$ cat entry.tsv   # TSV, C-alpha atoms
chain	number	residue	atom	x	y	z
A	11	MET	CA	-52.94	-7.95	10.17
A	12	THR	CA	-50.64	-5.45	11.92
A	13	GLU	CA	-51.05	-1.70	11.50
A	14	THR	CA	-47.80	-0.40	10.00
A	15	PHE	CA	-46.76	3.17	10.85
A	16	VAL	CA	-44.40	5.18	8.65
A	17	PHE	CA	-42.27	7.63	10.62
A	18	PRO	CA	-39.84	10.34	9.46
A	19	ALA	CA	-36.18	9.87	10.34
A	20	ASN	CA	-35.75	11.90	13.54
A	21	ASN	CA	-35.00	11.42	17.23
A	22	GLU	CA	-38.66	11.08	18.19
A	23	SER	CA	-39.09	8.25	15.70
A	24	ALA	CA	-35.94	6.58	16.98
A	25	GLU	CA	-37.38	6.68	20.51
A	26	LYS	CA	-40.76	5.24	19.44
A	27	CYS	CA	-39.16	2.49	17.38
A	28	ALA	CA	-36.63	1.64	20.07
A	29	GLU	CA	-39.57	0.91	22.39
A	30	MET	CA	-41.13	-1.30	19.72
A	31	ILE	CA	-37.86	-3.23	19.38
A	32	LYS	CA	-37.55	-3.62	23.17
A	33	ASN	CA	-41.13	-4.96	23.26
A	34	GLY	CA	-40.42	-7.64	20.67
A	35	GLY	CA	-41.73	-5.79	17.60
A	36	LEU	CA	-40.46	-5.52	14.03
A	37	VAL	CA	-39.28	-2.18	12.60
A	38	ALA	CA	-37.89	-1.44	9.14
A	39	ILE	CA	-34.71	0.55	9.67
A	40	PRO	CA	-32.86	2.67	7.12
A	41	THR	CA	-29.16	2.15	6.52
A	42	GLU	CA	-26.71	3.42	3.93
A	43	THR	CA	-26.91	0.07	2.09
A	44	VAL	CA	-30.55	-1.11	2.02
A	45	TYR	CA	-33.49	-0.93	4.42
A	46	GLY	CA	-33.34	-3.64	7.09
A	47	LEU	CA	-36.09	-5.53	8.90
A	48	GLY	CA	-35.08	-5.09	12.52
A	49	ALA	CA	-35.83	-6.94	15.75
A	50	ASN	CA	-34.11	-7.48	19.09
A	51	GLY	CA	-31.29	-9.81	18.10
A	52	LEU	CA	-31.16	-11.35	21.58
A	53	ASP	CA	-34.90	-12.19	21.70
A	54	GLU	CA	-35.62	-15.53	20.02
A	55	GLU	CA	-39.34	-14.87	19.60
A	56	ALA	CA	-38.69	-11.48	18.01
A	57	VAL	CA	-36.07	-12.93	15.66
A	58	LEU	CA	-38.45	-15.66	14.54
A	59	LYS	CA	-40.92	-12.93	13.55
A	60	ILE	CA	-38.33	-11.69	11.01
A	61	PHE	CA	-38.24	-15.08	9.30
A	62	LEU	CA	-42.04	-15.26	9.23
A	63	ALA	CA	-42.51	-11.73	7.88
A	64	LYS	CA	-39.98	-12.27	5.10
A	65	GLY	CA	-40.73	-15.92	4.35
A	66	ARG	CA	-37.00	-16.46	4.93
A	67	PRO	CA	-35.42	-19.91	5.44
A	68	GLN	CA	-34.22	-20.25	9.03
A	69	ASP	CA	-30.80	-21.62	8.02
A	70	ASN	CA	-29.97	-18.18	6.58
A	71	PRO	CA	-28.01	-16.23	9.26
A	72	LEU	CA	-28.87	-12.66	10.28
A	73	ILE	CA	-26.62	-9.66	10.83
A	74	LEU	CA	-26.50	-7.97	14.23
A	75	HIS	CA	-26.45	-4.19	13.86
A	76	LEU	CA	-24.52	-2.34	16.56
A	77	ALA	CA	-24.61	1.28	17.66
A	78	ASP	CA	-20.83	1.49	18.06
A	79	ALA	CA	-17.67	-0.50	17.37
A	80	ASP	CA	-17.08	-0.79	21.12
A	81	GLU	CA	-20.02	-3.21	21.30
A	82	ILE	CA	-18.27	-5.97	19.33
A	83	GLU	CA	-16.89	-7.67	22.43
A	84	LYS	CA	-20.35	-7.77	24.07
A	85	TYR	CA	-21.52	-10.29	21.47
A	86	CYS	CA	-18.32	-11.74	19.98
A	87	CYS	CA	-15.39	-13.62	21.53
A	88	ASP	CA	-11.80	-14.12	20.40
A	89	VAL	CA	-12.03	-10.90	18.38
A	90	PRO	CA	-8.88	-10.72	16.22
A	91	GLU	CA	-6.84	-7.56	15.76
A	92	THR	CA	-7.82	-7.69	12.09
A	93	ALA	CA	-11.44	-7.06	13.05
A	94	LYS	CA	-10.53	-4.16	15.29
A	95	LYS	CA	-8.42	-2.63	12.53
A	96	LEU	CA	-11.22	-2.94	9.97
A	97	ALA	CA	-13.77	-1.47	12.40
A	98	GLN	CA	-11.45	1.47	13.03
A	99	HIS	CA	-11.15	2.17	9.30
A	100	PHE	CA	-14.63	1.36	7.99
A	101	TRP	CA	-17.24	1.63	10.78
A	102	PRO	CA	-19.78	3.09	10.67
A	103	GLY	CA	-20.06	1.81	7.12
A	104	PRO	CA	-21.04	-0.99	4.73
A	105	LEU	CA	-18.81	-3.71	6.21
A	106	THR	CA	-20.04	-6.82	8.04
A	107	MET	CA	-17.62	-9.09	9.90
A	108	VAL	CA	-18.28	-12.71	10.85
A	109	LEU	CA	-16.75	-13.52	14.25
A	110	LYS	CA	-17.04	-16.14	16.97
A	111	ALA	CA	-20.31	-15.61	18.84
A	112	LYS	CA	-20.77	-15.38	22.59
A	113	ASP	CA	-23.47	-17.54	24.20
A	114	ILE	CA	-25.65	-14.44	24.70
A	115	VAL	CA	-26.47	-14.52	20.95
A	116	PRO	CA	-29.31	-16.99	20.31
A	117	LYS	CA	-28.87	-19.75	17.74
A	118	CYS	CA	-31.91	-18.57	15.76
A	119	THR	CA	-29.97	-15.37	15.00
A	120	THR	CA	-26.86	-17.25	13.87
A	121	ALA	CA	-28.76	-20.07	12.08
A	122	GLY	CA	-27.29	-22.53	14.56
A	123	LEU	CA	-23.68	-21.53	13.92
A	124	ASP	CA	-20.97	-20.68	16.44
A	125	THR	CA	-20.33	-17.42	14.57
A	126	VAL	CA	-22.29	-14.20	14.25
A	127	ALA	CA	-22.24	-11.44	11.61
A	128	VAL	CA	-21.96	-7.90	13.00
A	129	ARG	CA	-21.86	-4.40	11.56
A	130	CYS	CA	-22.28	-0.74	12.52
A	131	PRO	CA	-24.49	1.04	9.95
A	132	ASP	CA	-23.70	4.53	8.69
A	133	CYS	CA	-27.12	5.99	9.50
A	134	ASP	CA	-27.57	8.34	12.45
A	135	VAL	CA	-31.23	7.62	13.19
A	136	THR	CA	-30.66	3.85	13.15
A	137	ARG	CA	-27.62	3.99	15.42
A	138	LYS	CA	-29.67	6.22	17.74
A	139	LEU	CA	-32.48	3.65	17.75
A	140	ILE	CA	-30.05	0.81	18.53
A	141	SER	CA	-28.49	2.80	21.36
A	142	LEU	CA	-31.89	3.65	22.85
A	143	ALA	CA	-33.10	0.06	22.57
A	144	GLY	CA	-30.00	-1.13	24.42
A	145	VAL	CA	-29.81	-4.32	22.34
A	146	PRO	CA	-28.24	-5.28	19.02
A	147	VAL	CA	-30.75	-5.20	16.18
A	148	ALA	CA	-30.87	-8.28	13.94
A	149	ALA	CA	-31.83	-7.08	10.49
A	150	PRO	CA	-31.85	-8.72	7.06
A	151	SER	CA	-33.13	-6.69	4.13
A	152	ALA	CA	-36.76	-5.55	4.59
A	153	ASN	CA	-38.21	-7.33	1.57
A	154	THR	CA	-40.08	-10.54	0.88
A	155	SER	CA	-37.43	-13.26	0.67
A	156	GLY	CA	-36.07	-13.65	-2.86
A	157	ARG	CA	-37.25	-10.26	-4.11
A	158	PRO	CA	-34.94	-7.32	-4.91
A	159	SER	CA	-33.76	-5.60	-1.75
A	160	PRO	CA	-35.45	-2.32	-0.72
A	161	THR	CA	-33.56	0.92	-1.18
A	162	SER	CA	-36.46	3.23	-0.26
A	163	ALA	CA	-39.29	3.24	2.25
A	164	ALA	CA	-41.71	2.80	-0.68
A	165	HIS	CA	-40.13	-0.59	-1.44
A	166	VAL	CA	-40.58	-1.64	2.19
A	167	ILE	CA	-44.20	-0.47	2.19
A	168	GLU	CA	-44.79	-2.60	-0.91
A	169	ASP	CA	-43.50	-5.79	0.74
A	170	MET	CA	-44.06	-5.35	4.48
A	171	THR	CA	-47.24	-3.34	5.10
A	172	GLY	CA	-49.44	-5.25	7.56
A	173	LYS	CA	-46.56	-7.50	8.66
A	174	ILE	CA	-44.48	-5.12	10.81
A	175	GLU	CA	-45.07	-2.35	13.34
A	176	ALA	CA	-43.23	0.56	11.73
A	177	ILE	CA	-40.98	1.87	8.97
A	178	ILE	CA	-38.55	4.75	9.41
A	179	ASP	CA	-38.37	6.70	6.14
A	180	ASN	CA	-34.90	8.17	5.63
A	181	GLY	CA	-35.19	8.58	1.86
A	182	PRO	CA	-33.16	6.63	-0.73
A	183	CYS	CA	-30.20	4.61	0.49
A	184	THR	CA	-26.90	6.26	-0.41
A	185	VAL	CA	-25.00	3.04	-1.25
A	186	GLY	CA	-27.78	0.85	-2.62
A	187	VAL	CA	-26.30	-2.65	-2.26
A	188	GLU	CA	-25.87	-4.64	0.94
A	189	SER	CA	-22.74	-4.60	3.06
A	190	THR	CA	-19.59	-6.47	2.18
A	191	ILE	CA	-19.22	-9.56	4.40
A	192	ILE	CA	-15.79	-10.76	5.55
A	193	ASP	CA	-15.40	-13.91	7.64
A	194	LEU	CA	-12.67	-13.41	10.24
A	195	SER	CA	-13.47	-16.49	12.32
A	196	GLY	CA	-10.98	-18.78	10.55
A	197	ASP	CA	-7.29	-18.83	9.74
A	198	LYS	CA	-7.59	-16.49	6.76
A	199	PRO	CA	-9.96	-13.60	6.01
A	200	ARG	CA	-12.62	-14.78	3.56
A	201	LEU	CA	-14.98	-12.73	1.40
A	202	LEU	CA	-18.47	-14.20	1.75
A	203	ARG	CA	-20.38	-11.46	-0.08
A	204	PRO	CA	-19.18	-8.48	-2.12
A	205	GLY	CA	-21.01	-5.31	-1.18
A	206	GLY	CA	-20.89	-1.60	-0.54
A	207	LEU	CA	-17.24	-1.59	0.54
A	208	PRO	CA	-14.95	-2.68	-2.31
A	209	LEU	CA	-12.72	-5.66	-1.56
A	210	GLU	CA	-9.74	-3.67	-2.81
A	211	ASP	CA	-10.23	-1.18	0.05
A	212	ILE	CA	-10.26	-3.99	2.61
A	213	GLU	CA	-7.17	-5.65	1.18
A	214	ALA	CA	-5.34	-2.33	1.34
A	215	ILE	CA	-5.72	-2.55	5.15
A	216	ILE	CA	-5.36	-6.28	5.94
A	217	GLY	CA	-3.77	-7.86	2.86
A	218	ASP	CA	-5.11	-10.66	0.67
A	219	VAL	CA	-8.62	-11.99	1.26
A	220	VAL	CA	-9.79	-15.40	0.01
A	221	LYS	CA	-12.98	-15.35	-2.09
A	222	ASP	CA	-15.61	-17.89	-1.08
A	223	LYS	CA	-17.07	-19.97	-3.90
A	224	ALA	CA	-20.49	-18.44	-3.19
A	225	VAL	CA	-19.23	-15.12	-4.59
A	226	LYS	CA	-18.95	-16.57	-8.09
A	227	GLY	CA	-21.47	-19.38	-8.26
A	228	GLU	CA	-24.45	-21.16	-6.78
A	229	VAL	CA	-24.42	-22.80	-3.35
A	230	LYS	CA	-26.40	-26.01	-2.90
A	231	ASP	CA	-29.43	-25.89	-0.62
A	232	ASP	CA	-27.95	-28.48	1.74
A	233	GLU	CA	-24.70	-26.56	2.27
A	234	ILE	CA	-24.11	-24.64	5.49
A	235	VAL	CA	-23.30	-20.95	5.03
A	236	ARG	CA	-21.92	-18.38	7.48
A	237	ALA	CA	-23.60	-15.23	6.17
A	238	PRO	CA	-26.77	-13.93	4.50
A	239	GLY	CA	-27.18	-13.95	0.75
A	240	MET	CA	-24.90	-16.90	0.06
A	241	LYS	CA	-27.58	-19.33	-1.12
A	242	TYR	CA	-31.21	-19.43	-2.22
A	243	ARG	CA	-32.75	-17.33	-4.96
A	244	HIS	CA	-32.13	-13.65	-4.33
A	245	TYR	CA	-32.92	-10.25	-5.78
A	246	ALA	CA	-35.11	-11.68	-8.55
A	247	PRO	CA	-37.95	-9.93	-10.42
A	248	LYS	CA	-40.83	-12.01	-11.76
A	249	ALA	CA	-39.46	-12.26	-15.31
A	250	PRO	CA	-36.39	-14.48	-15.85
A	251	VAL	CA	-33.08	-12.62	-16.11
A	252	THR	CA	-30.08	-13.33	-18.34
A	253	VAL	CA	-26.79	-11.54	-17.65
A	254	VAL	CA	-24.42	-10.80	-20.54
A	255	THR	CA	-20.75	-10.29	-19.73
A	256	GLY	CA	-17.98	-8.85	-21.88
A	257	LYS	CA	-16.99	-5.47	-23.29
A	258	PRO	CA	-19.94	-3.04	-23.29
A	259	GLU	CA	-19.94	-2.68	-27.07
A	260	ASP	CA	-20.07	-6.49	-27.44
A	261	THR	CA	-22.78	-7.01	-24.81
A	262	GLY	CA	-24.84	-4.20	-26.32
A	263	ARG	CA	-24.64	-5.81	-29.74
A	264	TYR	CA	-25.59	-9.25	-28.37
A	265	ILE	CA	-28.62	-7.87	-26.53
A	266	LEU	CA	-29.79	-6.01	-29.64
A	267	GLU	CA	-29.65	-9.25	-31.62
A	268	ASN	CA	-31.57	-11.21	-28.97
A	269	CYS	CA	-34.28	-8.86	-27.74
A	270	GLY	CA	-37.91	-8.39	-28.72
A	271	ALA	CA	-40.96	-6.26	-27.98
A	272	ASN	CA	-41.57	-7.87	-24.58
A	273	THR	CA	-37.94	-7.85	-23.49
A	274	GLY	CA	-36.74	-5.83	-20.55
A	275	ILE	CA	-33.28	-4.35	-20.98
A	276	ILE	CA	-30.86	-3.34	-18.22
A	277	CYS	CA	-28.09	-1.34	-19.83
A	278	PHE	CA	-25.65	1.50	-19.45
A	279	ASP	CA	-26.82	4.99	-20.37
A	280	GLU	CA	-24.61	5.06	-23.45
A	281	TYR	CA	-26.45	2.08	-24.99
A	282	ALA	CA	-30.09	2.92	-24.17
A	283	HIS	CA	-30.73	4.40	-27.64
A	284	MET	CA	-30.21	0.97	-29.24
A	285	PHE	CA	-33.36	-0.61	-27.80
A	286	ASP	CA	-36.31	1.48	-28.97
A	287	ASP	CA	-38.80	-1.41	-29.00
A	288	CYS	CA	-38.00	-2.67	-25.50
A	289	THR	CA	-38.63	-1.65	-21.91
A	290	VAL	CA	-35.28	-0.11	-20.95
A	291	LYS	CA	-33.92	0.63	-17.48
A	292	CYS	CA	-30.54	2.35	-17.27
A	293	LEU	CA	-27.83	1.56	-14.73
A	294	GLY	CA	-25.96	4.82	-15.30
A	295	LYS	CA	-22.87	5.52	-17.36
A	296	VAL	CA	-20.41	2.66	-17.94
A	297	ALA	CA	-17.81	4.05	-15.55
A	298	ASP	CA	-20.20	5.13	-12.75
A	299	SER	CA	-20.14	2.17	-10.34
A	300	GLY	CA	-21.73	4.20	-7.55
A	301	GLU	CA	-24.78	4.88	-9.68
A	302	HIS	CA	-24.96	1.21	-10.73
A	303	ALA	CA	-25.14	0.22	-7.06
A	304	ARG	CA	-27.77	2.84	-6.21
A	305	ARG	CA	-30.00	1.86	-9.13
A	306	ILE	CA	-29.76	-1.93	-9.44
A	307	PHE	CA	-32.47	-3.00	-6.98
A	308	GLU	CA	-34.89	-0.25	-7.98
A	309	ILE	CA	-34.47	-1.33	-11.61
A	310	LEU	CA	-35.08	-5.00	-10.87
A	311	ARG	CA	-38.24	-4.10	-8.92
A	312	ALA	CA	-39.51	-1.76	-11.66
A	313	PHE	CA	-39.87	-4.57	-14.21
A	314	ASP	CA	-42.57	-6.24	-12.11
A	315	GLY	CA	-44.95	-3.44	-13.11
A	316	THR	CA	-44.43	-4.04	-16.84
A	317	ASP	CA	-45.40	-6.65	-19.45
A	318	VAL	CA	-41.87	-7.94	-20.04
A	319	ILE	CA	-41.50	-11.71	-20.31
A	320	LYS	CA	-37.71	-11.79	-20.08
A	321	ILE	CA	-34.93	-9.45	-18.98
A	322	ILE	CA	-31.43	-9.18	-20.46
A	323	ALA	CA	-28.78	-7.24	-18.58
A	324	GLN	CA	-25.49	-5.65	-19.57
A	325	CYS	CA	-23.02	-6.58	-16.86
A	326	PRO	CA	-20.44	-4.16	-15.42
A	327	GLU	CA	-16.80	-5.16	-15.05
A	328	ASP	CA	-16.22	-7.31	-11.96
A	329	LYS	CA	-14.08	-4.95	-9.90
A	330	GLY	CA	-14.43	-2.32	-7.17
A	331	LEU	CA	-17.97	-1.50	-6.12
A	332	ASP	CA	-19.24	-3.07	-9.34
A	333	SER	CA	-18.28	-6.51	-8.00
A	334	ALA	CA	-21.34	-6.23	-5.76
A	335	VAL	CA	-23.55	-5.23	-8.70
A	336	VAL	CA	-22.24	-8.15	-10.76
A	337	ASN	CA	-22.94	-10.50	-7.86
A	338	ARG	CA	-26.53	-9.24	-7.43
A	339	LEU	CA	-27.28	-9.42	-11.15
A	340	LYS	CA	-25.99	-12.98	-11.42
A	341	LYS	CA	-27.97	-14.08	-8.37
A	342	ALA	CA	-31.10	-12.42	-9.78
A	343	ALA	CA	-30.49	-14.45	-12.93
A	344	GLY	CA	-29.94	-17.70	-11.06
A	345	PHE	CA	-26.44	-17.57	-12.59
A	346	THR	CA	-27.80	-17.67	-16.15
A	347	VAL	CA	-24.83	-15.90	-17.73
A	348	ILE	CA	-23.73	-15.51	-21.35
A	349	LYS	CA	-20.15	-14.47	-22.11
A	350	VAL	CA	-19.55	-12.60	-25.39
$ encode --input "entry.tsv" --output "structure tokens"
Amino acid sequence: MTETFVFPANNESAEKCAEMIKNGGLVAIPTETVYGLGANGLDEEAVLKIFLAKGRPQDNPLILHLADADEIEKYCCDVPETAKKLAQHFWPGPLTMVLKAKDIVPKCTTAGLDTVAVRCPDCDVTRKLISLAGVPVAAPSANTSGRPSPTSAAHVIEDMTGKIEAIIDNGPCTVGVESTIIDLSGDKPRLLRPGGLPLEDIEAIIGDVVKDKAVKGEVKDDEIVRAPGMKYRHYAPKAPVTVVTGKPEDTGRYILENCGANTGIICFDEYAHMFDDCTVKCLGKVADSGEHARRIFEILRAFDGTDVIKIIAQCPEDKGLDSAVVNRLKKAAGFTVIKV
């Protein structure tokens, strides 16, 4: 069992953790989206440690985190102007781009694909660490595979203590859902995962983006995917989840009619008063998509410490930042969705 150190987010910690990364270790890094489980993305042995620590299937690609947009061409080839334009507008920030990979990137990082996912996180201490390490940091979310993603150091401690060398504690993540992933390796830009950057913002810069089928539904286990989070069970608490879509007043009424004493409820603030006999976790007000994103993973984790036997969730409208929240809720539910 590995001793896991928890460091504050400062330059000294960045220096210590950069050395750990260079020496093949695993470090949980803060970002604006969720905490990542970082290793040297060019070191096959270090990357394999990520999969072992998480219990993650090895056909699930990893994201390379870069210190600066100028590093794209070190690890990617045939970089289109579209990618450069998006990096100029949205990096550092919650945008991941899938591009053709150079041979320097090992196949264990790309899950055997000829493409690699890259992003530049909006977190000073993490970009400092990457710069000091002198290598791109491969980092999926720092949680046990399948569990809700970690948005605080406490979540990482819960899942990763004894499995990794260190955790940098930068407080709660400011976005709260993973990055948006756009595939730019083909003829047309394709949305592989909605996330912390709304698709509408991306389309305002580059025009229409095709939505991959994985955004709306399940992907079979034998299908090849180009980005993390596109298949396998994700974000799930122990109790089964059902997502209810429709107008808030209709979803609230449906949940009231179908809940019981051991039901967990995920709902908007305005509807919390309806469920006195249930364990209730609030997403925020109906219109506050930013709060929905910041709360969703913490809420899903919180039910594991209760006696609920099922969870029913009010679902936000599928637009803007809430598209990411809708996606995470439906994946947590295994796409068990009721429309009212």
$ closest_atom_pairs --input "entry.tsv" --of "stretch 153-232 of chain A" --to "stretch 35-38 of chain A" --cutoff "6 Å" --atoms "only C-alpha atoms" --output "JSON lines"
{"residue": "A:Ile174", "atom": "CA", "partner": "A:Leu36", "partner_atom": "CA", "distance": 5.2}
{"residue": "A:Glu175", "atom": "CA", "partner": "A:Leu36", "partner_atom": "CA", "distance": 5.6}
{"residue": "A:Ala176", "atom": "CA", "partner": "A:Val37", "partner_atom": "CA", "distance": 4.9}
{"residue": "A:Ile177", "atom": "CA", "partner": "A:Ala38", "partner_atom": "CA", "distance": 4.5}
$ atom_distance --input "entry.tsv" --atom1 "atom CA of A:Pro90" --atom2 "atom CA of A:Leu109"
8.6 Å
$ residues_around --input "entry.tsv" --residues "A:Ile321" --least-positions-apart "3" --cutoff "10 Å" --atoms "only C-alpha atoms" --output "number ranges by chain"
A: 247-253, 265, 269, 272-276, 288-290, 310, 313, 318, 343
$ residues_around --input "entry.tsv" --residues "stretch 147-149 of chain A" --least-positions-apart "2" --cutoff "7 Å" --atoms "all atoms listed in the file" --output "VMD selection string"
chain A and resid 46 to 51 72 to 76 140 145 151
$ residues_near_point --input "entry.tsv" --point "(-33.7, -13.9, 16.2)" --cutoff "8 Å" --atoms "all atoms listed in the file" --output "number ranges by chain"
A: 49-60, 72, 116-120, 148
$ write_last_selection --input "entry.tsv" --atoms "C-alpha atoms" --output "short mmCIF file (atom, residue, chain, number, x, y, z; two decimals), keeping the file's coordinate frame"
data_model
loop_
_atom_site.label_atom_id
_atom_site.label_comp_id
_atom_site.auth_asym_id
_atom_site.auth_seq_id
_atom_site.Cartn_x
_atom_site.Cartn_y
_atom_site.Cartn_z
CA ALA A 49 -35.83 -6.94 15.75
CA ASN A 50 -34.11 -7.48 19.09
CA GLY A 51 -31.29 -9.81 18.10
CA LEU A 52 -31.16 -11.35 21.58
CA ASP A 53 -34.90 -12.19 21.70
CA GLU A 54 -35.62 -15.53 20.02
CA GLU A 55 -39.34 -14.87 19.60
CA ALA A 56 -38.69 -11.48 18.01
CA VAL A 57 -36.07 -12.93 15.66
CA LEU A 58 -38.45 -15.66 14.54
CA LYS A 59 -40.92 -12.93 13.55
CA ILE A 60 -38.33 -11.69 11.01
CA LEU A 72 -28.87 -12.66 10.28
CA PRO A 116 -29.31 -16.99 20.31
CA LYS A 117 -28.87 -19.75 17.74
CA CYS A 118 -31.91 -18.57 15.76
CA THR A 119 -29.97 -15.37 15.00
CA THR A 120 -26.86 -17.25 13.87
CA ALA A 148 -30.87 -8.28 13.94
#
$ residues_around --input "entry.tsv" --residues "stretch 194-197 of chain A" --least-positions-apart "2" --cutoff "9 Å" --atoms "only C-alpha atoms" --output "ChimeraX atom specification"
/A:88-90,92-93,107-110,125,192,199-200
$ atom_distance --input "entry.tsv" --atom1 "atom CA of A:Val185" --atom2 "atom CA of A:Glu301"
8.6 Å
$ atom_distance --input "entry.tsv" --atom1 "atom CA of A:Pro158" --atom2 "atom CA of A:Arg311"
6.1 Å
$ closest_residue --input "entry.tsv" --among "A:Asn337, A:Ile216, A:Phe345, A:Tyr245" --to "A:Gly156" --atoms "only C-alpha atoms"
A:Tyr245
$ residues_around --input "entry.tsv" --residues "A:Thr171" --least-positions-apart "4" --cutoff "10 Å" --atoms "only C-alpha atoms" --output "list in words"
Met11, Thr12, Glu13, Thr14, Phe15, Val16, Val166, Ile167, Glu175, Ala176 and Ile177 of chain A
$ closest_residue --input "entry.tsv" --among "A:Pro160, A:Pro40, A:Pro104, A:Pro208" --to "A:Glu308" --atoms "all atoms listed in the file"
A:Pro160
$ build_atoms --input "entry.tsv" --residues "stretch 192-198 of chain A" --atoms "all heavy atoms" --output "PDB file, in the frame of the given file"
ATOM      1  N   ILE A 192     -17.089 -10.106   5.412  1.00  0.00           N
ATOM      2  CA  ILE A 192     -15.790 -10.760   5.550  1.00  0.00           C
ATOM      3  C   ILE A 192     -15.833 -11.691   6.750  1.00  0.00           C
ATOM      4  O   ILE A 192     -16.192 -11.282   7.861  1.00  0.00           O
ATOM      5  CB  ILE A 192     -14.663  -9.717   5.758  1.00  0.00           C
ATOM      6  CG1 ILE A 192     -14.559  -8.776   4.560  1.00  0.00           C
ATOM      7  CG2 ILE A 192     -13.327 -10.410   6.006  1.00  0.00           C
ATOM      8  CD1 ILE A 192     -14.001  -9.413   3.308  1.00  0.00           C
ATOM      9  N   ASP A 193     -15.464 -12.949   6.546  1.00  0.00           N
ATOM     10  CA  ASP A 193     -15.400 -13.910   7.640  1.00  0.00           C
ATOM     11  C   ASP A 193     -14.001 -13.876   8.251  1.00  0.00           C
ATOM     12  O   ASP A 193     -13.000 -14.181   7.578  1.00  0.00           O
ATOM     13  CB  ASP A 193     -15.704 -15.321   7.092  1.00  0.00           C
ATOM     14  CG  ASP A 193     -15.785 -16.383   8.188  1.00  0.00           C
ATOM     15  OD1 ASP A 193     -15.515 -16.050   9.359  1.00  0.00           O
ATOM     16  OD2 ASP A 193     -16.101 -17.539   7.854  1.00  0.00           O
ATOM     17  N   LEU A 194     -13.941 -13.493   9.523  1.00  0.00           N
ATOM     18  CA  LEU A 194     -12.670 -13.410  10.240  1.00  0.00           C
ATOM     19  C   LEU A 194     -12.588 -14.455  11.348  1.00  0.00           C
ATOM     20  O   LEU A 194     -11.753 -14.349  12.256  1.00  0.00           O
ATOM     21  CB  LEU A 194     -12.494 -12.006  10.837  1.00  0.00           C
ATOM     22  CG  LEU A 194     -12.460 -10.856   9.828  1.00  0.00           C
ATOM     23  CD1 LEU A 194     -12.422  -9.515  10.543  1.00  0.00           C
ATOM     24  CD2 LEU A 194     -11.267 -10.988   8.888  1.00  0.00           C
ATOM     25  N   SER A 195     -13.427 -15.480  11.265  1.00  0.00           N
ATOM     26  CA  SER A 195     -13.470 -16.490  12.320  1.00  0.00           C
ATOM     27  C   SER A 195     -12.503 -17.645  12.076  1.00  0.00           C
ATOM     28  O   SER A 195     -12.296 -18.481  12.954  1.00  0.00           O
ATOM     29  CB  SER A 195     -14.885 -17.053  12.458  1.00  0.00           C
ATOM     30  OG  SER A 195     -15.259 -17.775  11.293  1.00  0.00           O
ATOM     31  N   GLY A 196     -11.900 -17.696  10.890  1.00  0.00           N
ATOM     32  CA  GLY A 196     -10.980 -18.780  10.550  1.00  0.00           C
ATOM     33  C   GLY A 196      -9.541 -18.323  10.487  1.00  0.00           C
ATOM     34  O   GLY A 196      -9.182 -17.248  10.975  1.00  0.00           O
ATOM     35  N   ASP A 197      -8.728 -19.135   9.838  1.00  0.00           N
ATOM     36  CA  ASP A 197      -7.290 -18.830   9.740  1.00  0.00           C
ATOM     37  C   ASP A 197      -7.006 -17.668   8.805  1.00  0.00           C
ATOM     38  O   ASP A 197      -6.071 -16.901   9.031  1.00  0.00           O
ATOM     39  CB  ASP A 197      -6.526 -20.066   9.258  1.00  0.00           C
ATOM     40  CG  ASP A 197      -6.563 -21.206  10.268  1.00  0.00           C
ATOM     41  OD1 ASP A 197      -6.753 -20.902  11.468  1.00  0.00           O
ATOM     42  OD2 ASP A 197      -6.421 -22.371   9.864  1.00  0.00           O
ATOM     43  N   LYS A 198      -7.808 -17.540   7.757  1.00  0.00           N
ATOM     44  CA  LYS A 198      -7.590 -16.490   6.760  1.00  0.00           C
ATOM     45  C   LYS A 198      -8.873 -15.686   6.549  1.00  0.00           C
ATOM     46  O   LYS A 198      -9.967 -16.261   6.557  1.00  0.00           O
ATOM     47  CB  LYS A 198      -7.148 -17.093   5.422  1.00  0.00           C
ATOM     48  CG  LYS A 198      -5.797 -17.801   5.459  1.00  0.00           C
ATOM     49  CD  LYS A 198      -5.444 -18.350   4.087  1.00  0.00           C
ATOM     50  CE  LYS A 198      -4.098 -19.053   4.102  1.00  0.00           C
ATOM     51  NZ  LYS A 198      -3.752 -19.608   2.758  1.00  0.00           N
TER      52      LYS A 198
END
